[in-house]
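Visitor: Please find input_34.cif (mmCIF, C-alpha atoms) on the next line:
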```cif
data_input
loop_
_atom_site.group_PDB
_atom_site.id
_atom_site.type_symbol
_atom_site.label_atom_id
_atom_site.label_comp_id
_atom_site.auth_asym_id
_atom_site.auth_seq_id
_atom_site.Cartn_x
_atom_site.Cartn_y
_atom_site.Cartn_z
ATOM 1 C CA MET A 1 -25.669 61.284 -5.245
ATOM 2 C CA THR A 2 -22.115 62.223 -4.344
ATOM 3 C CA ASP A 3 -21.393 58.759 -3.007
ATOM 4 C CA TYR A 4 -20.995 57.025 -6.332
ATOM 5 C CA ARG A 5 -19.610 59.996 -8.263
ATOM 6 C CA ILE A 6 -16.070 59.732 -6.874
ATOM 7 C CA PRO A 7 -15.817 55.965 -7.665
ATOM 8 C CA LEU A 8 -17.021 56.756 -11.194
ATOM 9 C CA PHE A 9 -14.277 59.386 -11.536
ATOM 10 C CA LEU A 10 -11.749 56.774 -10.410
ATOM 11 C CA LEU A 11 -13.216 54.281 -12.889
ATOM 12 C CA THR A 12 -12.870 56.857 -15.670
ATOM 13 C CA ALA A 13 -9.221 57.370 -14.771
ATOM 14 C CA VAL A 14 -8.603 53.603 -14.773
ATOM 15 C CA PHE A 15 -10.257 53.172 -18.185
ATOM 16 C CA ALA A 16 -8.249 56.115 -19.540
ATOM 17 C CA VAL A 17 -4.967 54.582 -18.383
ATOM 18 C CA TRP A 18 -6.066 51.244 -19.830
ATOM 19 C CA ALA A 19 -6.912 52.881 -23.163
ATOM 20 C CA VAL A 20 -3.448 54.433 -23.335
ATOM 21 C CA MET A 21 -1.571 51.306 -22.267
ATOM 22 C CA ALA A 22 -3.482 48.742 -24.337
ATOM 23 C CA ARG A 23 -1.282 46.856 -26.748
ATOM 24 C CA LYS A 24 -3.990 46.454 -29.390
ATOM 25 C CA LEU A 25 -5.580 49.515 -30.904
ATOM 26 C CA LEU A 26 -8.985 47.791 -30.875
ATOM 27 C CA THR A 27 -8.792 47.382 -27.091
ATOM 28 C CA SER A 28 -7.823 51.030 -26.905
ATOM 29 C CA ALA A 29 -10.919 52.068 -28.878
ATOM 30 C CA ILE A 30 -13.204 49.920 -26.721
ATOM 31 C CA MET A 31 -11.695 51.320 -23.519
ATOM 32 C CA LEU A 32 -12.294 54.800 -24.904
ATOM 33 C CA ALA A 33 -15.969 53.874 -25.303
ATOM 34 C CA LEU A 34 -16.025 52.710 -21.684
ATOM 35 C CA VAL A 35 -14.488 56.047 -20.635
ATOM 36 C CA SER A 36 -17.373 57.732 -22.451
ATOM 37 C CA VAL A 37 -19.931 55.508 -20.708
ATOM 38 C CA ALA A 38 -18.433 56.287 -17.298
ATOM 39 C CA VAL A 39 -18.362 60.015 -18.108
ATOM 40 C CA SER A 40 -22.016 59.934 -19.180
ATOM 41 C CA LEU A 41 -22.932 58.151 -15.927
ATOM 42 C CA ILE A 42 -21.152 60.957 -14.056
ATOM 43 C CA PHE A 43 -23.237 63.461 -16.040
ATOM 44 C CA PHE A 44 -26.414 61.662 -15.016
ATOM 45 C CA GLY A 45 -25.130 61.739 -11.444
ATOM 46 C CA PHE A 46 -24.676 65.496 -11.720
ATOM 47 C CA ASN A 47 -28.335 65.726 -12.770
ATOM 48 C CA ALA A 48 -27.338 66.766 -16.298
ATOM 49 C CA PRO A 49 -29.327 64.293 -18.420
ATOM 50 C CA TRP A 50 -29.004 66.132 -21.744
ATOM 51 C CA ALA A 51 -25.238 66.124 -21.625
ATOM 52 C CA GLY A 52 -25.337 62.474 -20.566
ATOM 53 C CA VAL A 53 -27.571 61.446 -23.456
ATOM 54 C CA PHE A 54 -25.407 63.291 -25.990
ATOM 55 C CA GLU A 55 -22.224 61.832 -24.526
ATOM 56 C CA LEU A 56 -23.649 58.313 -24.560
ATOM 57 C CA SER A 57 -25.039 58.454 -28.088
ATOM 58 C CA VAL A 58 -22.378 60.508 -29.849
ATOM 59 C CA CYS A 59 -19.127 59.857 -28.003
ATOM 60 C CA ALA A 60 -19.719 56.265 -26.912
ATOM 61 C CA GLY A 61 -21.570 55.377 -30.120
ATOM 62 C CA LEU A 62 -20.529 57.386 -33.159
ATOM 63 C CA ILE A 63 -16.895 58.048 -32.263
ATOM 64 C CA THR A 64 -16.364 54.409 -31.295
ATOM 65 C CA VAL A 65 -17.703 53.287 -34.662
ATOM 66 C CA LEU A 66 -15.361 55.751 -36.386
ATOM 67 C CA PHE A 67 -12.396 54.547 -34.334
ATOM 68 C CA VAL A 68 -13.111 50.862 -34.849
ATOM 69 C CA SER A 69 -13.463 51.292 -38.600
ATOM 70 C CA ALA A 70 -10.186 53.243 -38.775
ATOM 71 C CA VAL A 71 -8.403 50.727 -36.549
ATOM 72 C CA SER A 72 -9.581 47.811 -38.665
ATOM 73 C CA LEU A 73 -7.911 49.530 -41.615
ATOM 74 C CA VAL A 74 -4.495 50.107 -40.036
ATOM 75 C CA ARG A 75 -4.419 47.058 -37.776
ATOM 76 C CA THR A 76 -2.273 44.831 -39.975
ATOM 77 C CA VAL A 77 0.467 47.446 -40.316
ATOM 78 C CA GLU A 78 0.375 48.233 -36.605
ATOM 79 C CA GLU A 79 0.840 44.566 -35.778
ATOM 80 C CA LYS A 80 3.687 44.242 -38.260
ATOM 81 C CA PHE A 81 5.592 47.306 -37.058
ATOM 82 C CA PRO A 82 4.607 47.770 -33.404
ATOM 83 C CA GLU A 83 5.529 50.913 -31.541
ATOM 84 C CA ASN A 84 8.088 51.041 -28.773
ATOM 85 C CA ARG A 85 6.109 49.952 -25.699
ATOM 86 C CA ALA A 86 8.575 51.146 -23.058
ATOM 87 C CA ARG A 87 7.157 54.654 -22.949
ATOM 88 C CA PHE A 88 3.634 53.317 -22.400
ATOM 89 C CA HIS A 89 4.801 51.010 -19.627
ATOM 90 C CA ALA A 90 6.270 54.067 -17.915
ATOM 91 C CA LEU A 91 2.821 55.687 -17.749
ATOM 92 C CA PRO A 92 1.804 54.308 -14.298
ATOM 93 C CA LEU A 93 5.085 55.552 -12.842
ATOM 94 C CA ALA A 94 4.726 58.997 -14.430
ATOM 95 C CA LEU A 95 1.088 59.169 -13.349
ATOM 96 C CA ALA A 96 1.994 58.213 -9.772
ATOM 97 C CA ILE A 97 4.714 60.878 -9.636
ATOM 98 C CA PHE A 98 2.289 63.459 -11.019
ATOM 99 C CA ALA A 99 -0.443 62.377 -8.589
ATOM 100 C CA ILE A 100 1.823 62.689 -5.540
ATOM 101 C CA ALA A 101 3.250 66.025 -6.664
ATOM 102 C CA ALA A 102 -0.202 67.362 -7.568
ATOM 103 C CA TRP A 103 -1.649 66.263 -4.225
ATOM 104 C CA PHE A 104 0.400 68.949 -2.489
ATOM 105 C CA TYR A 105 -0.129 71.777 -4.970
ATOM 106 C CA LEU A 106 -3.461 71.386 -6.741
ATOM 107 C CA PRO A 107 -6.086 70.947 -3.945
ATOM 108 C CA PRO A 108 -5.322 74.327 -2.271
ATOM 109 C CA PHE A 109 -5.510 75.980 -5.695
ATOM 110 C CA PHE A 110 -8.786 74.221 -6.514
ATOM 111 C CA THR A 111 -10.236 75.184 -3.130
ATOM 112 C CA GLU A 112 -9.408 78.812 -3.882
ATOM 113 C CA LEU A 113 -10.848 78.412 -7.382
ATOM 114 C CA ALA A 114 -14.102 77.009 -5.995
ATOM 115 C CA GLY A 115 -14.389 80.102 -3.818
ATOM 116 C CA TRP A 116 -14.611 82.268 -6.934
ATOM 117 C CA ALA A 117 -17.806 80.609 -8.163
ATOM 118 C CA ARG A 118 -20.667 83.048 -8.648
ATOM 119 C CA PRO A 119 -23.835 81.106 -7.841
ATOM 120 C CA GLY A 120 -26.364 81.285 -10.648
ATOM 121 C CA THR A 121 -30.091 81.068 -10.394
ATOM 122 C CA GLY A 122 -30.187 77.549 -11.767
ATOM 123 C CA GLY A 123 -33.457 78.308 -13.502
ATOM 124 C CA GLY A 124 -34.569 77.842 -17.074
ATOM 125 C CA THR A 125 -34.698 74.830 -19.300
ATOM 126 C CA ILE A 126 -32.183 73.358 -21.692
ATOM 127 C CA GLY A 127 -34.427 74.420 -24.571
ATOM 128 C CA LEU A 128 -34.280 78.020 -23.400
ATOM 129 C CA ALA A 129 -30.495 77.901 -23.127
ATOM 130 C CA LEU A 130 -29.995 76.142 -26.448
ATOM 131 C CA TRP A 131 -32.593 77.639 -28.753
ATOM 132 C CA ASP A 132 -33.576 81.024 -27.332
ATOM 133 C CA MET A 133 -30.447 82.489 -25.768
ATOM 134 C CA ARG A 134 -27.901 81.098 -28.192
ATOM 135 C CA ARG A 135 -29.421 81.466 -31.643
ATOM 136 C CA PRO A 136 -26.327 82.954 -33.356
ATOM 137 C CA ASP A 137 -24.237 80.241 -31.766
ATOM 138 C CA LEU A 138 -26.547 77.595 -33.188
ATOM 139 C CA LEU A 139 -25.786 78.877 -36.662
ATOM 140 C CA GLY A 140 -22.107 78.501 -35.747
ATOM 141 C CA GLN A 141 -22.691 74.878 -34.822
ATOM 142 C CA VAL A 142 -24.374 74.125 -38.121
ATOM 143 C CA LEU A 143 -21.487 75.831 -39.945
ATOM 144 C CA MET A 144 -19.047 73.762 -37.885
ATOM 145 C CA LEU A 145 -20.707 70.525 -39.013
ATOM 146 C CA ALA A 146 -20.629 71.798 -42.586
ATOM 147 C CA ALA A 147 -16.903 72.492 -42.155
ATOM 148 C CA GLY A 148 -16.421 68.912 -41.005
ATOM 149 C CA VAL A 149 -18.218 67.553 -44.054
ATOM 150 C CA PHE A 150 -16.109 69.866 -46.231
ATOM 151 C CA VAL A 151 -12.883 68.560 -44.661
ATOM 152 C CA ILE A 152 -13.912 64.971 -45.430
ATOM 153 C CA LYS A 153 -14.766 65.962 -48.976
ATOM 154 C CA SER A 154 -11.509 67.816 -49.546
ATOM 155 C CA VAL A 155 -9.385 65.054 -48.035
ATOM 156 C CA PHE A 156 -10.999 62.486 -50.312
ATOM 157 C CA PRO A 157 -11.230 64.190 -53.681
ATOM 158 C CA ARG A 158 -12.427 62.293 -56.680
ATOM 159 C CA ARG A 159 -9.258 60.917 -58.174
ATOM 160 C CA THR A 160 -9.627 61.825 -61.802
ATOM 161 C CA GLU A 161 -6.607 64.024 -62.451
ATOM 162 C CA ASN A 162 -2.877 63.330 -62.055
ATOM 163 C CA LYS A 163 -3.319 59.617 -61.578
ATOM 164 C CA MET B 164 -11.563 68.970 1.533
ATOM 165 C CA SER B 165 -14.674 69.502 -0.542
ATOM 166 C CA THR B 166 -16.045 67.048 -3.063
ATOM 167 C CA PHE B 167 -15.301 69.414 -5.918
ATOM 168 C CA THR B 168 -11.645 69.644 -4.970
ATOM 169 C CA ILE B 169 -11.319 65.848 -5.055
ATOM 170 C CA GLU B 170 -13.184 65.689 -8.369
ATOM 171 C CA TRP B 171 -10.971 68.311 -9.969
ATOM 172 C CA TYR B 172 -7.892 66.522 -8.666
ATOM 173 C CA LEU B 173 -9.070 63.302 -10.368
ATOM 174 C CA ILE B 174 -9.875 65.294 -13.505
ATOM 175 C CA SER B 175 -6.297 66.575 -13.544
ATOM 176 C CA LEU B 176 -5.063 62.969 -13.385
ATOM 177 C CA ILE B 177 -7.267 62.000 -16.366
ATOM 178 C CA MET B 178 -5.981 65.013 -18.287
ATOM 179 C CA PHE B 179 -2.378 64.071 -17.519
ATOM 180 C CA THR B 180 -3.049 60.577 -18.915
ATOM 181 C CA GLY B 181 -4.337 62.055 -22.172
ATOM 182 C CA PHE B 182 -1.424 64.464 -22.539
ATOM 183 C CA TYR B 183 1.044 61.663 -21.825
ATOM 184 C CA CYS B 184 -0.540 59.539 -24.567
ATOM 185 C CA MET B 185 -0.264 62.410 -27.038
ATOM 186 C CA LEU B 186 3.378 63.006 -26.098
ATOM 187 C CA ALA B 187 4.506 59.387 -26.066
ATOM 188 C CA SER B 188 3.006 58.042 -29.266
ATOM 189 C CA ARG B 189 3.637 58.639 -32.935
ATOM 190 C CA SER B 190 0.571 56.753 -34.124
ATOM 191 C CA ILE B 191 -2.233 58.983 -35.350
ATOM 192 C CA VAL B 192 -4.839 56.711 -33.745
ATOM 193 C CA ARG B 193 -3.214 57.025 -30.342
ATOM 194 C CA GLN B 194 -2.880 60.778 -30.768
ATOM 195 C CA LEU B 195 -6.633 60.928 -31.289
ATOM 196 C CA VAL B 196 -7.222 58.619 -28.308
ATOM 197 C CA GLY B 197 -5.188 61.030 -26.174
ATOM 198 C CA LEU B 198 -7.135 63.978 -27.545
ATOM 199 C CA GLU B 199 -10.401 62.232 -26.670
ATOM 200 C CA ILE B 200 -9.255 61.596 -23.105
ATOM 201 C CA VAL B 201 -8.179 65.225 -22.675
ATOM 202 C CA SER B 202 -11.505 66.469 -24.001
ATOM 203 C CA LYS B 203 -13.386 64.077 -21.684
ATOM 204 C CA ALA B 204 -11.492 65.605 -18.762
ATOM 205 C CA ALA B 205 -12.385 69.092 -19.988
ATOM 206 C CA MET B 206 -16.064 68.096 -20.229
ATOM 207 C CA LEU B 207 -16.022 66.744 -16.687
ATOM 208 C CA ALA B 208 -14.413 69.940 -15.423
ATOM 209 C CA LEU B 209 -17.041 72.007 -17.249
ATOM 210 C CA ILE B 210 -20.031 70.136 -15.864
ATOM 211 C CA SER B 211 -18.491 70.003 -12.386
ATOM 212 C CA ALA B 212 -17.984 73.765 -12.413
ATOM 213 C CA GLY B 213 -21.559 74.182 -13.646
ATOM 214 C CA ALA B 214 -22.839 72.104 -10.741
ATOM 215 C CA LEU B 215 -20.725 74.109 -8.304
ATOM 216 C CA ALA B 216 -22.123 77.418 -9.567
ATOM 217 C CA ASN B 217 -25.680 76.036 -9.711
ATOM 218 C CA ASN B 218 -25.742 76.794 -13.430
ATOM 219 C CA LEU B 219 -26.029 73.331 -14.984
ATOM 220 C CA ILE B 220 -28.242 74.521 -17.840
ATOM 221 C CA PHE B 221 -25.561 76.711 -19.408
ATOM 222 C CA ALA B 222 -22.877 74.132 -18.700
ATOM 223 C CA GLN B 223 -24.914 71.522 -20.577
ATOM 224 C CA ALA B 224 -25.554 73.854 -23.513
ATOM 225 C CA LEU B 225 -21.825 74.573 -23.778
ATOM 226 C CA LEU B 226 -21.052 70.885 -23.458
ATOM 227 C CA ILE B 227 -23.342 69.903 -26.310
ATOM 228 C CA THR B 228 -21.478 72.399 -28.516
ATOM 229 C CA MET B 229 -18.210 70.880 -27.353
ATOM 230 C CA ILE B 230 -19.358 67.350 -28.239
ATOM 231 C CA VAL B 231 -20.293 68.517 -31.752
ATOM 232 C CA ILE B 232 -16.864 70.114 -32.225
ATOM 233 C CA GLU B 233 -15.157 67.009 -30.858
ATOM 234 C CA VAL B 234 -16.924 64.758 -33.356
ATOM 235 C CA VAL B 235 -15.868 67.029 -36.222
ATOM 236 C CA VAL B 236 -12.240 67.076 -35.035
ATOM 237 C CA VAL B 237 -12.105 63.295 -34.645
ATOM 238 C CA ALA B 238 -13.747 62.709 -38.024
ATOM 239 C CA ALA B 239 -11.258 65.060 -39.706
ATOM 240 C CA GLY B 240 -8.326 63.401 -37.912
ATOM 241 C CA LEU B 241 -9.431 59.918 -38.888
ATOM 242 C CA ALA B 242 -9.978 61.090 -42.469
ATOM 243 C CA LEU B 243 -6.358 62.293 -42.475
ATOM 244 C CA LEU B 244 -5.324 58.906 -41.084
ATOM 245 C CA VAL B 245 -7.145 57.018 -43.837
ATOM 246 C CA LYS B 246 -5.690 59.292 -46.519
ATOM 247 C CA ASN B 247 -2.181 58.957 -45.067
ATOM 248 C CA PHE B 248 -2.583 55.202 -44.912
ATOM 249 C CA ARG B 249 -3.596 55.061 -48.570
ATOM 250 C CA VAL B 250 -0.734 57.289 -49.726
ATOM 251 C CA ASN B 251 2.137 56.284 -47.418
ATOM 252 C CA GLY B 252 1.009 52.910 -46.044
ATOM 253 C CA THR B 253 1.593 53.836 -42.402
ATOM 254 C CA ALA B 254 -0.269 55.441 -39.508
ATOM 255 C CA ASP B 255 2.825 57.373 -38.417
ATOM 256 C CA MET B 256 2.396 61.006 -37.442
ATOM 257 C CA TRP B 257 5.708 62.005 -38.988
ATOM 258 C CA THR B 258 4.769 60.820 -42.467
ATOM 259 C CA LEU B 259 1.847 63.238 -42.648
ATOM 260 C CA ASP B 260 3.953 65.763 -44.583
ATOM 261 C CA GLY B 261 3.956 63.234 -47.436
ATOM 262 C CA LEU B 262 0.400 64.397 -48.124
ATOM 263 C CA LYS B 263 1.456 67.867 -49.221
ATOM 264 C CA GLY B 264 0.854 69.059 -52.710
#
```
Will you turn the file into C-alpha cells for me?
Guide:
Amino acid sequence: MTDYRIPLFLLTAVFAVWAVMARKLLTSAIMLALVSVAVSLIFFGFNAPWAGVFELSVCAGLITVLFVSAVSLVRTVEEKFPENRARFHALPLALAIFAIAAWFYLPPFFTELAGWARPGTGGGTIGLALWDMRRPDLLGQVLMLAAGVFVIKSVFPRRTENK
Amino acid sequence: MSTFTIEWYLISLIMFTGFYCMLASRSIVRQLVGLEIVSKAAMLALISAGALANNLIFAQALLITMIVIEVVVVAAGLALLVKNFRVNGTADMWTLDGLKG
C-alpha cells in the first residue's frame, strides 16, 4: 500500500506546480482537478474511502465545474491583459530552494511530531463518527451551507433599485 | 526516515506551491487556485496524521466537514469574481474595493 503512495504524493506536487505555472486559466483549472484526483487516490490508498469519494465527487467534480464556468467568463480579459509571467517562472527555483532548505530542518521536526501521536482504537464506523458523535456539528455544517447560499444571494441582489 | 516523515515533507512542498501562487498573483482565479492547493495539502496532512494515530474514522469525519467548508469558500470567492467582473470588467484582486457601497 505504501509503495504507490509516495509516487502519488509526488504526482500531486507536480500537478500543483503545473496548475500554478499554466499560462491559460483553463489549463490551471483542469490541473487543479487532476490534483484532486491524485489526492483522492491517496485517500483510497490510506484506506479512507469516504474521504476519497467526497474528494472525487465534490472537489474534482463540483469545484472544477465552478472554476471552468468562472474562467470562461473572464478568459477574454485575461488573454487581452496577461499577468506578468516572470514571477510564475521563478516558482521552480523558489520551490527547489525551499525543498533543499526544508530537507535539513523539517524531517527531524516531523519525526519528533510523529512521536507525539496517541494511538487510537481505530474502531467504529464513519456513520457513528458523523451522525452519532457529532450531531451538534452536523447542524453547524447545514448552517455553513446556508451561509454559502446567503453569500451568493447577497452578492447577486435583484437589481431593481439605483440602476 | 519513516514514511510519514517523507509524506509530510512532500505535503510541505505542496503547501509552499499554494502559498507562492497566492503571493505571486493578483488574479482572483489564481488566488483561489492557490487556496485550493493549500487546502489539499492540509487535507493530506490531516488524513496522514489520522492514519499514523490509527484514528482514520475521525480524520475522515473532520475531512468531510473541511470539504463542505472549502466548497462554500470557493463558491463565495467565485461569486465575488463574477460580481467584480460585471462591475469593474477585470479579475484583478486590487479592484475588489470598487464593490463597496
Visitor: Residues of chain A near chain B: apply a cut-off of 7 Å, count only C-alpha atoms, and supply the list as a VMD selection string.
Guide: chain A and resid 6 9 13 16 to 17 20 46 48 50 to 51 54 63 70 74 77 87 99 106 to 107 110 to 111 117 to 122 125 to 126 129 to 130 141 145 148 151 to 152 155
Visitor: Kindly save the residues from that selection, with C-alpha atoms included, as a CSV table (one decimal), keeping the file's coordinate frame.
Guide:
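The file below, part13.csv, is the result:
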```csv
chain,number,residue,atom,x,y,z
A,6,ILE,CA,-16.1,59.7,-6.9
A,9,PHE,CA,-14.3,59.4,-11.5
A,13,ALA,CA,-9.2,57.4,-14.8
A,16,ALA,CA,-8.2,56.1,-19.5
A,17,VAL,CA,-5.0,54.6,-18.4
A,20,VAL,CA,-3.4,54.4,-23.3
A,46,PHE,CA,-24.7,65.5,-11.7
A,48,ALA,CA,-27.3,66.8,-16.3
A,50,TRP,CA,-29.0,66.1,-21.7
A,51,ALA,CA,-25.2,66.1,-21.6
A,54,PHE,CA,-25.4,63.3,-26.0
A,63,ILE,CA,-16.9,58.0,-32.3
A,70,ALA,CA,-10.2,53.2,-38.8
A,74,VAL,CA,-4.5,50.1,-40.0
A,77,VAL,CA,0.5,47.4,-40.3
A,87,ARG,CA,7.2,54.7,-22.9
A,99,ALA,CA,-0.4,62.4,-8.6
A,106,LEU,CA,-3.5,71.4,-6.7
A,107,PRO,CA,-6.1,70.9,-3.9
A,110,PHE,CA,-8.8,74.2,-6.5
A,111,THR,CA,-10.2,75.2,-3.1
A,117,ALA,CA,-17.8,80.6,-8.2
A,118,ARG,CA,-20.7,83.0,-8.6
A,119,PRO,CA,-23.8,81.1,-7.8
A,120,GLY,CA,-26.4,81.3,-10.6
A,121,THR,CA,-30.1,81.1,-10.4
A,122,GLY,CA,-30.2,77.5,-11.8
A,125,THR,CA,-34.7,74.8,-19.3
A,126,ILE,CA,-32.2,73.4,-21.7
A,129,ALA,CA,-30.5,77.9,-23.1
A,130,LEU,CA,-30.0,76.1,-26.4
A,141,GLN,CA,-22.7,74.9,-34.8
A,145,LEU,CA,-20.7,70.5,-39.0
A,148,GLY,CA,-16.4,68.9,-41.0
A,151,VAL,CA,-12.9,68.6,-44.7
A,152,ILE,CA,-13.9,65.0,-45.4
A,155,VAL,CA,-9.4,65.1,-48.0
```
Visitor: Given the file shown, enumerate the residues that the PyMOL selection byres ((chain A and resi 64) around 10) captures and present them as a ChimeraX atom specification.
Guide: /A:26,29-34,36,58-63,65-70
Visitor: Please produce a file of those selected residues containing C-alpha atoms, as a short mmCIF file (atom, residue, chain, number, x, y, z; two decimals), in the coordinates of the input.
Guide:
```
data_model
loop_
_atom_site.label_atom_id
_atom_site.label_comp_id
_atom_site.auth_asym_id
_atom_site.auth_seq_id
_atom_site.Cartn_x
_atom_site.Cartn_y
_atom_site.Cartn_z
CA LEU A 26 -8.98 47.79 -30.88
CA ALA A 29 -10.92 52.07 -28.88
CA ILE A 30 -13.20 49.92 -26.72
CA MET A 31 -11.70 51.32 -23.52
CA LEU A 32 -12.29 54.80 -24.90
CA ALA A 33 -15.97 53.87 -25.30
CA LEU A 34 -16.02 52.71 -21.68
CA SER A 36 -17.37 57.73 -22.45
CA VAL A 58 -22.38 60.51 -29.85
CA CYS A 59 -19.13 59.86 -28.00
CA ALA A 60 -19.72 56.26 -26.91
CA GLY A 61 -21.57 55.38 -30.12
CA LEU A 62 -20.53 57.39 -33.16
CA ILE A 63 -16.90 58.05 -32.26
CA VAL A 65 -17.70 53.29 -34.66
CA LEU A 66 -15.36 55.75 -36.39
CA PHE A 67 -12.40 54.55 -34.33
CA VAL A 68 -13.11 50.86 -34.85
CA SER A 69 -13.46 51.29 -38.60
CA ALA A 70 -10.19 53.24 -38.78
#
```
Visitor: One number please: CA of Lys153 in chain A to CA of Ser28 in chain A, in Å, one decimal.
Guide: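 Separation of CA of Lys153 in chain A and CA of Ser28 in chain A: 27.5 Å.
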Visitor: So the first atom is CA of Phe81 in chain A and the second is CA of Leu25 in chain A; what is the distance between them in Å, to one decimal place?
Guide: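 These two atoms are separated by 12.9 Å.
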Visitor: Could you check the closest approach to Phe43 in chain A for each of B:Leu209, B:Val250, B:Leu259, B:Leu198 and tell me which residue wins, using only C-alpha atoms?
Guide: B:Leu209
Visitor: Please reconstruct the missing atoms of range 83-98 of chain A (target: N, CA and C atoms) and return them as a short mmCIF file (atom, residue, chain, number, x, y, z; two decimals), in the frame of the given file.
Guide:
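Written out: out-v6.cif:
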```cif
data_model
loop_
_atom_site.label_atom_id
_atom_site.label_comp_id
_atom_site.auth_asym_id
_atom_site.auth_seq_id
_atom_site.Cartn_x
_atom_site.Cartn_y
_atom_site.Cartn_z
N GLU A 83 4.81 49.79 -32.12
CA GLU A 83 5.53 50.91 -31.54
C GLU A 83 6.38 50.45 -30.36
N ASN A 84 7.30 51.31 -29.97
CA ASN A 84 8.09 51.04 -28.77
C ASN A 84 7.19 51.13 -27.54
N ARG A 85 7.08 50.00 -26.79
CA ARG A 85 6.11 49.95 -25.70
C ARG A 85 6.65 50.52 -24.40
N ALA A 86 7.97 50.76 -24.35
CA ALA A 86 8.57 51.15 -23.06
C ALA A 86 7.96 52.42 -22.52
N ARG A 87 7.70 53.37 -23.42
CA ARG A 87 7.16 54.65 -22.95
C ARG A 87 5.76 54.49 -22.36
N PHE A 88 4.98 53.52 -22.94
CA PHE A 88 3.63 53.32 -22.40
C PHE A 88 3.69 52.58 -21.07
N HIS A 89 4.69 51.70 -20.91
CA HIS A 89 4.80 51.01 -19.63
C HIS A 89 5.26 51.95 -18.53
N ALA A 90 5.85 53.09 -18.92
CA ALA A 90 6.27 54.07 -17.92
C ALA A 90 5.12 54.95 -17.45
N LEU A 91 3.94 54.80 -18.10
CA LEU A 91 2.82 55.69 -17.75
C LEU A 91 2.40 55.59 -16.28
N PRO A 92 2.23 54.35 -15.71
CA PRO A 92 1.80 54.31 -14.30
C PRO A 92 2.79 55.02 -13.38
N LEU A 93 4.08 54.88 -13.67
CA LEU A 93 5.08 55.55 -12.84
C LEU A 93 4.94 57.07 -12.97
N ALA A 94 4.84 57.55 -14.21
CA ALA A 94 4.73 59.00 -14.43
C ALA A 94 3.45 59.52 -13.79
N LEU A 95 2.36 58.73 -13.92
CA LEU A 95 1.09 59.17 -13.35
C LEU A 95 1.17 59.21 -11.83
N ALA A 96 1.86 58.23 -11.23
CA ALA A 96 1.99 58.21 -9.77
C ALA A 96 2.81 59.41 -9.31
N ILE A 97 3.90 59.72 -10.02
CA ILE A 97 4.71 60.88 -9.64
C ILE A 97 3.89 62.15 -9.73
N PHE A 98 3.13 62.26 -10.85
CA PHE A 98 2.29 63.46 -11.02
C PHE A 98 1.23 63.54 -9.92
#
```
